[in-house]
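Have a look at input-v7.pdb below; it lists PDB, C-alpha atoms and all ligand atoms.
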```
ATOM      1  CA  MET K1168     114.430  29.162 110.984  1.00  0.00           C
ATOM      2  CA  LYS K1169     117.712  30.377 109.459  1.00  0.00           C
ATOM      3  CA  ASN K1170     119.665  33.416 110.681  1.00  0.00           C
ATOM      4  CA  THR K1171     120.444  34.681 107.204  1.00  0.00           C
ATOM      5  CA  TYR K1172     118.642  34.116 103.925  1.00  0.00           C
ATOM      6  CA  ASN K1173     120.259  34.189 100.501  1.00  0.00           C
ATOM      7  CA  ILE K1174     118.220  36.195  98.018  1.00  0.00           C
ATOM      8  CA  LEU K1175     119.226  36.181  94.372  1.00  0.00           C
ATOM      9  CA  GLY K1176     118.126  39.213  92.349  1.00  0.00           C
ATOM     10  CA  ILE K1177     117.784  38.589  88.623  1.00  0.00           C
ATOM     11  CA  SER K1178     117.056  41.140  85.904  1.00  0.00           C
ATOM     12  CA  GLY K1179     115.977  39.972  82.458  1.00  0.00           C
ATOM     13  CA  SER K1180     117.466  43.116  80.911  1.00  0.00           C
ATOM     14  CA  LEU K1181     121.156  43.660  80.180  1.00  0.00           C
ATOM     15  CA  ARG K1182     120.693  47.346  79.388  1.00  0.00           C
ATOM     16  CA  ASN K1183     122.997  49.753  81.246  1.00  0.00           C
ATOM     17  CA  ALA K1184     120.095  52.018  82.162  1.00  0.00           C
ATOM     18  CA  SER K1185     117.731  49.112  82.830  1.00  0.00           C
ATOM     19  CA  LEU K1186     114.771  50.033  85.036  1.00  0.00           C
ATOM     20  CA  ASN K1187     114.569  46.420  86.197  1.00  0.00           C
ATOM     21  CA  MET K1188     118.191  46.567  87.320  1.00  0.00           C
ATOM     22  CA  LEU K1189     117.544  49.972  88.919  1.00  0.00           C
ATOM     23  CA  PHE K1190     114.734  48.395  90.919  1.00  0.00           C
ATOM     24  CA  LEU K1191     117.034  45.592  92.100  1.00  0.00           C
ATOM     25  CA  ARG K1192     119.768  48.069  93.066  1.00  0.00           C
ATOM     26  CA  ALA K1193     117.228  50.101  95.051  1.00  0.00           C
ATOM     27  CA  MET K1194     116.068  46.904  96.767  1.00  0.00           C
ATOM     28  CA  GLY K1195     119.722  46.269  97.614  1.00  0.00           C
ATOM     29  CA  ARG K1196     119.903  49.651  99.369  1.00  0.00           C
ATOM     30  CA  VAL K1197     117.083  48.787 101.762  1.00  0.00           C
ATOM     31  CA  CYS K1198     117.909  45.132 102.243  1.00  0.00           C
ATOM     32  CA  PRO K1199     117.311  43.939 105.830  1.00  0.00           C
ATOM     33  CA  ASP K1200     120.339  42.756 107.827  1.00  0.00           C
ATOM     34  CA  ASN K1201     119.225  39.138 107.799  1.00  0.00           C
ATOM     35  CA  MET K1202     119.058  39.006 103.998  1.00  0.00           C
ATOM     36  CA  ASN K1203     122.158  38.360 101.944  1.00  0.00           C
ATOM     37  CA  PHE K1204     121.123  39.966  98.653  1.00  0.00           C
ATOM     38  CA  GLU K1205     123.129  39.256  95.509  1.00  0.00           C
ATOM     39  CA  ILE K1206     122.231  40.716  92.118  1.00  0.00           C
ATOM     40  CA  TYR K1207     123.182  38.205  89.467  1.00  0.00           C
ATOM     41  CA  SER K1208     125.501  39.798  86.925  1.00  0.00           C
ATOM     42  CA  GLY K1209     126.384  36.871  84.690  1.00  0.00           C
ATOM     43  CA  LEU K1210     123.241  36.433  82.610  1.00  0.00           C
ATOM     44  CA  GLY K1211     124.758  38.008  79.495  1.00  0.00           C
ATOM     45  CA  ALA K1212     127.718  35.619  79.566  1.00  0.00           C
ATOM     46  CA  ILE K1213     125.630  32.451  79.389  1.00  0.00           C
ATOM     47  CA  PRO K1214     126.064  30.804  75.979  1.00  0.00           C
ATOM     48  CA  LEU K1215     123.093  30.266  73.685  1.00  0.00           C
ATOM     49  CA  PHE K1216     121.295  27.122  74.724  1.00  0.00           C
ATOM     50  CA  ASN K1217     121.729  24.083  72.530  1.00  0.00           C
ATOM     51  CA  ALA K1218     120.285  20.825  73.830  1.00  0.00           C
ATOM     52  CA  ASP K1219     123.230  18.992  72.232  1.00  0.00           C
ATOM     53  CA  ASP K1220     125.513  20.808  74.698  1.00  0.00           C
ATOM     54  CA  GLU K1221     123.536  20.089  77.841  1.00  0.00           C
ATOM     55  CA  ASP K1222     126.064  17.538  79.096  1.00  0.00           C
ATOM     56  CA  LYS K1223     129.028  19.782  78.362  1.00  0.00           C
ATOM     57  CA  SER K1224     130.532  21.881  81.105  1.00  0.00           C
ATOM     58  CA  PHE K1225     130.385  25.662  80.658  1.00  0.00           C
ATOM     59  CA  PRO K1226     131.707  27.741  83.604  1.00  0.00           C
ATOM     60  CA  GLU K1227     129.063  30.437  82.949  1.00  0.00           C
ATOM     61  CA  VAL K1228     126.280  27.856  83.196  1.00  0.00           C
ATOM     62  CA  SER K1229     127.747  26.270  86.338  1.00  0.00           C
ATOM     63  CA  HIS K1230     128.038  29.744  87.903  1.00  0.00           C
ATOM     64  CA  TRP K1231     124.361  30.388  87.087  1.00  0.00           C
ATOM     65  CA  CYS K1232     123.237  27.021  88.464  1.00  0.00           C
ATOM     66  CA  ASN K1233     125.264  27.448  91.661  1.00  0.00           C
ATOM     67  CA  ALA K1234     123.863  30.926  92.284  1.00  0.00           C
ATOM     68  CA  LEU K1235     120.310  29.600  91.904  1.00  0.00           C
ATOM     69  CA  ALA K1236     121.000  26.551  94.051  1.00  0.00           C
ATOM     70  CA  ARG K1237     122.341  28.755  96.888  1.00  0.00           C
ATOM     71  CA  ALA K1238     119.309  31.052  96.839  1.00  0.00           C
ATOM     72  CA  ASP K1239     116.603  30.667  99.467  1.00  0.00           C
ATOM     73  CA  LEU K1240     114.433  32.906  97.304  1.00  0.00           C
ATOM     74  CA  VAL K1241     114.732  34.341  93.816  1.00  0.00           C
ATOM     75  CA  LEU K1242     113.657  37.953  93.227  1.00  0.00           C
ATOM     76  CA  LEU K1243     113.149  38.121  89.479  1.00  0.00           C
ATOM     77  CA  VAL K1244     112.174  41.136  87.392  1.00  0.00           C
ATOM     78  CA  SER K1245     112.144  41.122  83.637  1.00  0.00           C
ATOM     79  CA  PRO K1246     110.846  43.412  80.891  1.00  0.00           C
ATOM     80  CA  GLU K1247     108.539  42.629  78.002  1.00  0.00           C
ATOM     81  CA  TYR K1248     109.992  42.595  74.492  1.00  0.00           C
ATOM     82  CA  ALA K1249     107.536  42.380  71.568  1.00  0.00           C
ATOM     83  CA  HIS K1250     104.849  40.938  73.853  1.00  0.00           C
ATOM     84  CA  GLY K1251     107.208  38.211  75.013  1.00  0.00           C
ATOM     85  CA  VAL K1252     109.949  37.281  77.437  1.00  0.00           C
ATOM     86  CA  THR K1253     113.408  38.690  76.730  1.00  0.00           C
ATOM     87  CA  GLY K1254     115.740  36.290  74.951  1.00  0.00           C
ATOM     88  CA  VAL K1255     118.407  36.639  77.591  1.00  0.00           C
ATOM     89  CA  MET K1256     116.017  35.525  80.322  1.00  0.00           C
ATOM     90  CA  LYS K1257     114.561  32.619  78.382  1.00  0.00           C
ATOM     91  CA  ASN K1258     118.007  31.454  77.294  1.00  0.00           C
ATOM     92  CA  ALA K1259     119.246  31.365  80.876  1.00  0.00           C
ATOM     93  CA  LEU K1260     116.171  29.402  81.951  1.00  0.00           C
ATOM     94  CA  ASP K1261     116.427  26.895  79.101  1.00  0.00           C
ATOM     95  CA  TRP K1262     119.802  25.783  80.491  1.00  0.00           C
ATOM     96  CA  ILE K1263     118.245  24.720  83.774  1.00  0.00           C
ATOM     97  CA  VAL K1264     115.044  23.033  82.585  1.00  0.00           C
ATOM     98  CA  SER K1265     116.467  19.555  83.102  1.00  0.00           C
ATOM     99  CA  THR K1266     118.342  20.318  86.350  1.00  0.00           C
ATOM    100  CA  GLY K1267     115.385  20.602  88.711  1.00  0.00           C
ATOM    101  CA  ILE K1268     117.156  23.502  90.472  1.00  0.00           C
ATOM    102  CA  LEU K1269     113.975  25.570  90.607  1.00  0.00           C
ATOM    103  CA  ILE K1270     111.784  22.862  92.093  1.00  0.00           C
ATOM    104  CA  ASP K1271     110.022  24.380  95.111  1.00  0.00           C
ATOM    105  CA  LYS K1272     112.196  27.521  94.883  1.00  0.00           C
ATOM    106  CA  PRO K1273     110.346  30.491  96.391  1.00  0.00           C
ATOM    107  CA  LEU K1274     109.916  33.202  93.768  1.00  0.00           C
ATOM    108  CA  ALA K1275     109.221  36.906  94.260  1.00  0.00           C
ATOM    109  CA  PHE K1276     108.151  38.163  90.855  1.00  0.00           C
ATOM    110  CA  PRO K1277     107.205  41.851  90.775  1.00  0.00           C
ATOM    111  CA  ASN K1278     106.153  43.480  87.520  1.00  0.00           C
ATOM    112  CA  ILE K1279     107.669  46.957  87.580  1.00  0.00           C
ATOM    113  CA  SER K1280     106.210  47.884  84.190  1.00  0.00           C
ATOM    114  CA  ILE K1281     102.889  49.685  84.258  1.00  0.00           C
ATOM    115  CA  ARG K1282     102.077  48.565  80.684  1.00  0.00           C
ATOM    116  CA  ALA K1283     103.444  45.101  80.111  1.00  0.00           C
ATOM    117  CA  GLU K1284     101.605  42.011  81.281  1.00  0.00           C
ATOM    118  CA  LEU K1285     101.929  39.419  78.507  1.00  0.00           C
ATOM    119  CA  ALA K1286     105.588  38.632  79.167  1.00  0.00           C
ATOM    120  CA  GLN K1287     104.922  38.516  82.895  1.00  0.00           C
ATOM    121  CA  SER K1288     102.298  35.800  82.589  1.00  0.00           C
ATOM    122  CA  GLN K1289     104.371  33.862  80.037  1.00  0.00           C
ATOM    123  CA  LEU K1290     107.404  33.957  82.306  1.00  0.00           C
ATOM    124  CA  ALA K1291     105.319  33.028  85.349  1.00  0.00           C
ATOM    125  CA  GLU K1292     104.068  29.986  83.436  1.00  0.00           C
ATOM    126  CA  THR K1293     107.627  28.950  82.507  1.00  0.00           C
ATOM    127  CA  LEU K1294     108.981  29.462  86.012  1.00  0.00           C
ATOM    128  CA  GLN K1295     106.126  27.565  87.621  1.00  0.00           C
ATOM    129  CA  THR K1296     106.458  24.766  85.072  1.00  0.00           C
ATOM    130  CA  MET K1297     110.071  24.508  86.195  1.00  0.00           C
ATOM    131  CA  GLY K1298     108.926  24.168  89.797  1.00  0.00           C
ATOM    132  CA  CYS K1299     109.118  27.702  91.209  1.00  0.00           C
ATOM    133  CA  ARG K1300     106.737  28.513  94.032  1.00  0.00           C
ATOM    134  CA  LEU K1301     105.462  31.975  93.092  1.00  0.00           C
ATOM    135  CA  ILE K1302     104.626  34.011  96.179  1.00  0.00           C
ATOM    136  CA  GLU K1303     101.749  36.330  95.353  1.00  0.00           C
ATOM    137  CA  GLU K1304     102.332  38.816  98.182  1.00  0.00           C
ATOM    138  CA  CYS K1305     105.937  39.226  96.982  1.00  0.00           C
ATOM    139  CA  SER K1306     104.900  39.742  93.362  1.00  0.00           C
ATOM    140  CA  PRO K1307     103.300  43.188  93.180  1.00  0.00           C
ATOM    141  CA  ARG K1308     102.245  44.850  89.956  1.00  0.00           C
ATOM    142  CA  ALA K1309     103.297  48.464  89.459  1.00  0.00           C
ATOM    143  CA  THR K1310     100.574  50.902  88.459  1.00  0.00           C
ATOM    144  CA  LEU K1311     100.607  54.522  87.374  1.00  0.00           C
ATOM    145  CA  ALA K1312      99.509  55.455  90.882  1.00  0.00           C
ATOM    146  CA  ALA K1313     101.910  53.057  92.592  1.00  0.00           C
ATOM    147  CA  PRO K1314     105.177  52.824  90.631  1.00  0.00           C
ATOM    148  CA  TYR K1315     108.317  51.000  91.755  1.00  0.00           C
ATOM    149  CA  VAL K1316     110.739  52.927  89.559  1.00  0.00           C
ATOM    150  CA  ILE K1317     111.052  56.321  87.909  1.00  0.00           C
ATOM    151  CA  PRO K1318     112.947  56.665  84.611  1.00  0.00           C
ATOM    152  CA  ASP K1319     116.301  58.430  84.976  1.00  0.00           C
ATOM    153  CA  ALA K1320     116.238  58.117  88.760  1.00  0.00           C
ATOM    154  CA  THR K1321     119.100  56.723  90.794  1.00  0.00           C
ATOM    155  CA  GLU K1322     118.552  53.992  93.346  1.00  0.00           C
ATOM    156  CA  HIS K1323     119.088  56.613  96.081  1.00  0.00           C
ATOM    157  CA  MET K1324     116.248  58.697  94.622  1.00  0.00           C
ATOM    158  CA  LEU K1325     113.949  55.662  94.700  1.00  0.00           C
ATOM    159  CA  VAL K1326     114.875  54.815  98.277  1.00  0.00           C
ATOM    160  CA  ASP K1327     114.338  58.433  99.366  1.00  0.00           C
ATOM    161  CA  HIS K1328     111.075  58.760  97.429  1.00  0.00           C
ATOM    162  CA  PRO K1329     108.174  59.199  99.905  1.00  0.00           C
ATOM    163  CA  ASP K1330     106.074  56.455  98.286  1.00  0.00           C
ATOM    164  CA  ILE K1331     108.531  54.186  96.488  1.00  0.00           C
ATOM    165  CA  GLY K1332     110.978  53.854  99.398  1.00  0.00           C
ATOM    166  CA  PRO K1333     108.297  52.466 101.753  1.00  0.00           C
ATOM    167  CA  ARG K1334     106.972  50.267  98.924  1.00  0.00           C
ATOM    168  CA  LEU K1335     110.397  48.646  98.557  1.00  0.00           C
ATOM    169  CA  LYS K1336     110.577  48.065 102.301  1.00  0.00           C
ATOM    170  CA  ILE K1337     107.116  46.493 102.329  1.00  0.00           C
ATOM    171  CA  LEU K1338     108.276  44.098  99.632  1.00  0.00           C
ATOM    172  CA  TRP K1339     111.265  43.093 101.776  1.00  0.00           C
ATOM    173  CA  SER K1340     108.980  42.653 104.733  1.00  0.00           C
ATOM    174  CA  ASN K1341     106.721  40.359 102.671  1.00  0.00           C
ATOM    175  CA  ILE K1342     109.745  38.408 101.469  1.00  0.00           C
ATOM    176  CA  GLU K1343     110.986  38.023 105.025  1.00  0.00           C
ATOM    177  CA  HIS K1344     107.552  36.938 106.204  1.00  0.00           C
ATOM    178  CA  SER K1345     107.213  34.360 103.425  1.00  0.00           C
ATOM    179  CA  LEU K1346     110.601  32.857 104.280  1.00  0.00           C
ATOM    180  CA  THR K1347     110.145  32.761 108.016  1.00  0.00           C
ATOM    181  CA  ALA K1348     106.625  31.379 107.657  1.00  0.00           C
ATOM    182  CA  SER K1349     107.894  28.535 105.421  1.00  0.00           C
ATOM    183  CA  PRO K1350     108.511  25.156 107.087  1.00  0.00           C
TER
HETATM  184  C1  LIG W   1     113.096  45.324  71.651  1.00  0.00           C
HETATM  185  C2  LIG W   1     112.094  45.923  72.611  1.00  0.00           C
HETATM  186  C3  LIG W   1     110.792  45.495  72.586  1.00  0.00           C
HETATM  187  C4  LIG W   1     109.851  46.009  73.509  1.00  0.00           C
HETATM  188  N1  LIG W   1     108.575  45.525  73.500  1.00  0.00           N
HETATM  189  C5  LIG W   1     107.710  45.933  74.462  1.00  0.00           C
HETATM  190  C6  LIG W   1     106.423  45.353  74.568  1.00  0.00           C
HETATM  191  O1  LIG W   1     106.025  44.494  73.813  1.00  0.00           O
HETATM  192  N2  LIG W   1     105.593  45.789  75.562  1.00  0.00           N
HETATM  193  C7  LIG W   1     106.000  46.743  76.472  1.00  0.00           C
HETATM  194  O2  LIG W   1     105.217  47.087  77.364  1.00  0.00           O
HETATM  195  N3  LIG W   1     107.228  47.302  76.394  1.00  0.00           N
HETATM  196  C8  LIG W   1     108.087  46.930  75.424  1.00  0.00           C
HETATM  197  N4  LIG W   1     109.341  47.466  75.350  1.00  0.00           N
HETATM  198  C9  LIG W   1     109.705  48.489  76.316  1.00  0.00           C
HETATM  199  C10 LIG W   1     110.493  47.863  77.462  1.00  0.00           C
HETATM  200  O3  LIG W   1     109.740  46.897  78.141  1.00  0.00           O
HETATM  201  C11 LIG W   1     110.918  48.965  78.413  1.00  0.00           C
HETATM  202  O4  LIG W   1     111.798  49.790  77.712  1.00  0.00           O
HETATM  203  C12 LIG W   1     111.565  48.450  79.663  1.00  0.00           C
HETATM  204  O5  LIG W   1     111.938  49.561  80.452  1.00  0.00           O
HETATM  205  C13 LIG W   1     112.798  47.632  79.354  1.00  0.00           C
HETATM  206  O6  LIG W   1     113.311  47.122  80.550  1.00  0.00           O
HETATM  207  P1  LIG W   1     114.675  47.688  81.128  1.00  0.00           P
HETATM  208  O7  LIG W   1     114.476  49.169  81.395  1.00  0.00           O
HETATM  209  O8  LIG W   1     114.904  46.932  82.398  1.00  0.00           O
HETATM  210  O9  LIG W   1     115.740  47.474  80.108  1.00  0.00           O
HETATM  211  C14 LIG W   1     110.270  46.994  74.433  1.00  0.00           C
HETATM  212  C15 LIG W   1     111.603  47.431  74.428  1.00  0.00           C
HETATM  213  C16 LIG W   1     112.505  46.893  73.537  1.00  0.00           C
HETATM  214  C17 LIG W   1     113.952  47.347  73.582  1.00  0.00           C
END
```
Starting from the coordinates I provided, produce the structure as structure tokens.
Amino acid sequence: MKNTYNILGISGSLRNASLNMLFLRAMGRVCPDNMNFEIYSGLGAIPLFNADDEDKSFPEVSHWCNALARADLVLLVSPEYAHGVTGVMKNALDWIVSTGILIDKPLAFPNISIRAELAQSQLAETLQTMGCRLIEECSPRATLAAPYVIPDATEHMLVDHPDIGPRLKILWSNIEHSLTASP
């Protein structure tokens, strides 16, 4: 068992007021001491994927690959656009298809949207095809009665919220359990 685990938070939205990013920032506020939680900020800088360029060296792609390789677990949240996965998320993943970096990588994959489910299942299929090990108990689905974010809230408001704050902590506890239970 390790003393500290590296968790990489990834949001499939680049929007300033992104609810997915808000969720990750709130998770960062309640991160346990033995988790080193980094929110990936370089997704928007990754060039458009072109299979002709796969052997070329792009610093933004290397940075992305290194961050994933370091992670003991990936905490990924991503919105639905037009019943599909966001382009920014899919583009970033296309760069790593042939690397094998995600093989057996534990994946926490919450869906913080109470409406969207098509993109979630499409992205789950892609991530699992690439080798991710999706951990069900770390992949909750938000509902109207059990949300993970509130529009226009700050991460402090989410953490202090009587229901959402504990929900975030339960997710960390499930993440911790899944990592410590792994061989
Ligand atoms: C271009 C675009 C397309 C969208 N398509 C859908 C959709 O098909 N289904 C859905 O539930 N929400 C859709 N939405 C709403 C977003 O999922 C919602 O605004 C979400 O909060 C975006 O994530 P973010 O807050 O992290 O940026 C769409 C939003 C945009 C900007």
With all atoms listed in the file as the atoms that count, which of K:Pro1226, K:Gly1211, K:Gly1195, K:Pro1246 lies nearest to ligand LIG 1 (chain W)?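 Counting all atoms listed in the file, the residue closest to ligand LIG 1 (chain W) is K:Pro1246.
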Env of range 1189-1192 of chain K: 7 Å cut, atoms = all atoms listed in the file, seq-sep filter 6 positions within chain, self excluded. Answer as a list in words.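 My list of contacting residues is Gly1176, Tyr1315, Val1316 and Glu1322 of chain K.
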Just-selected residues, C-alpha atoms written as a PDB file, in the coordinates of the input:
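This went into selection-v2.pdb:
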```pdb
ATOM      1  CA  GLY K1176     118.126  39.213  92.349  1.00  0.00           C
ATOM      2  CA  TYR K1315     108.317  51.000  91.755  1.00  0.00           C
ATOM      3  CA  VAL K1316     110.739  52.927  89.559  1.00  0.00           C
ATOM      4  CA  GLU K1322     118.552  53.992  93.346  1.00  0.00           C
TER       5      GLU K1322
END
```
Near Lys1257 in chain K, within 12 Å and counting only C-alpha atoms, which residues show up once chain neighbours fewer than 2 positions away are dropped, as a VMD selection string? chain K and resid 1178 to 1180 1210 to 1211 1213 to 1216 1245 to 1248 1251 to 1255 1259 to 1264 1286 1289 to 1294
For Ala1309 in chain K, find every residue with an atom within 6 Å (counting all atoms listed in the file), except residues of its own chain fewer than 2 positions away, and show them as a ChimeraX atom specification. /K:1279,1281,1313-1314
Selection under test: the PyMOL selection byres (((chain K and resi 1207) around 6) and not hetatm); residues as a PyMOL selection string: chain K and resi 1176-1177+1206+1208-1209
Could you tell me how far CA of Met1256 in chain K sits from atom C11 of ligand LIG 1 (chain W), in Å to one decimal place?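 Between these atoms lies a distance of 14.5 Å.
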Residue IDs satisfying the PyMOL selection byres (((chain K and resi 1174) around 10) and not hetatm), as a PDB file with C-alpha atoms, in the coordinates of the input:
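expr-v6.pdb, written as the output of this step:
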```pdb
ATOM      1  CA  THR K1171     120.444  34.681 107.204  1.00  0.00           C
ATOM      2  CA  TYR K1172     118.642  34.116 103.925  1.00  0.00           C
ATOM      3  CA  ASN K1173     120.259  34.189 100.501  1.00  0.00           C
ATOM      4  CA  LEU K1175     119.226  36.181  94.372  1.00  0.00           C
ATOM      5  CA  GLY K1176     118.126  39.213  92.349  1.00  0.00           C
ATOM      6  CA  ILE K1177     117.784  38.589  88.623  1.00  0.00           C
ATOM      7  CA  CYS K1198     117.909  45.132 102.243  1.00  0.00           C
ATOM      8  CA  MET K1202     119.058  39.006 103.998  1.00  0.00           C
ATOM      9  CA  ASN K1203     122.158  38.360 101.944  1.00  0.00           C
ATOM     10  CA  PHE K1204     121.123  39.966  98.653  1.00  0.00           C
ATOM     11  CA  GLU K1205     123.129  39.256  95.509  1.00  0.00           C
ATOM     12  CA  ILE K1206     122.231  40.716  92.118  1.00  0.00           C
ATOM     13  CA  ALA K1234     123.863  30.926  92.284  1.00  0.00           C
ATOM     14  CA  LEU K1235     120.310  29.600  91.904  1.00  0.00           C
ATOM     15  CA  ARG K1237     122.341  28.755  96.888  1.00  0.00           C
ATOM     16  CA  ALA K1238     119.309  31.052  96.839  1.00  0.00           C
ATOM     17  CA  ASP K1239     116.603  30.667  99.467  1.00  0.00           C
ATOM     18  CA  LEU K1240     114.433  32.906  97.304  1.00  0.00           C
ATOM     19  CA  VAL K1241     114.732  34.341  93.816  1.00  0.00           C
ATOM     20  CA  LEU K1242     113.657  37.953  93.227  1.00  0.00           C
ATOM     21  CA  PRO K1273     110.346  30.491  96.391  1.00  0.00           C
ATOM     22  CA  LEU K1274     109.916  33.202  93.768  1.00  0.00           C
ATOM     23  CA  ALA K1275     109.221  36.906  94.260  1.00  0.00           C
ATOM     24  CA  ILE K1342     109.745  38.408 101.469  1.00  0.00           C
TER      25      ILE K1342
END
```
If the PyMOL selection byres (((chain K and resi 1338) around 10) and not hetatm) is run on the structure shown, which residues does it catch, given as a count of residues only? 18
Coordinates of box centre and edge lengths for ligand LIG 1 (chain W), 4 Å on every side, axis-aligned, as JSON:
```
{"center_x": 110.5, "center_y": 47.1, "center_z": 77.0, "size_x": 18.5, "size_y": 13.3, "size_z": 18.7}
```
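Considering all atoms listed in the file, the residue among K:Ser1229, K:Ser1265, K:Gln1287, K:Asn1217 positioned nearest to ligand LIG 1 (chain W) is K:Gln1287.
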Which of these, K:Ile1317, K:Leu1269, K:Ala1236, K:Val1326, has the shortest distance to ligand LIG 1 (chain W) once you count only C-alpha atoms and all ligand atoms?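 Using only C-alpha atoms and all ligand atoms, the shortest distance to ligand LIG 1 (chain W) belongs to K:Ile1317.
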Atom pair CA of Asp1200 in chain K / CA of Gly1332 in chain K: separation (Å):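 Atom-to-atom, CA of Asp1200 in chain K to CA of Gly1332 in chain K, that is 16.8 Å.
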From the options K:Asn1187, K:Asn1201, K:Asn1233, K:Gln1295, which residue's atoms come nearest to ligand LIG 1 (chain W), counting only C-alpha atoms and all ligand atoms? K:Asn1187
Would you work out the distance separating atom O3 of ligand LIG 1 (chain W) from CA of Ala1193 in chain K, expressed in Å to one decimal?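 Pair atom O3 of ligand LIG 1 (chain W) / CA of Ala1193 in chain K returns 18.8 Å.
For the set K:Met1168, K:Ile1268, K:Leu1301, K:Leu1181, the residue with the smallest atom-to-atom gap to ligand LIG 1 (chain W) is K:Leu1181, counting only C-alpha atoms and all ligand atoms.
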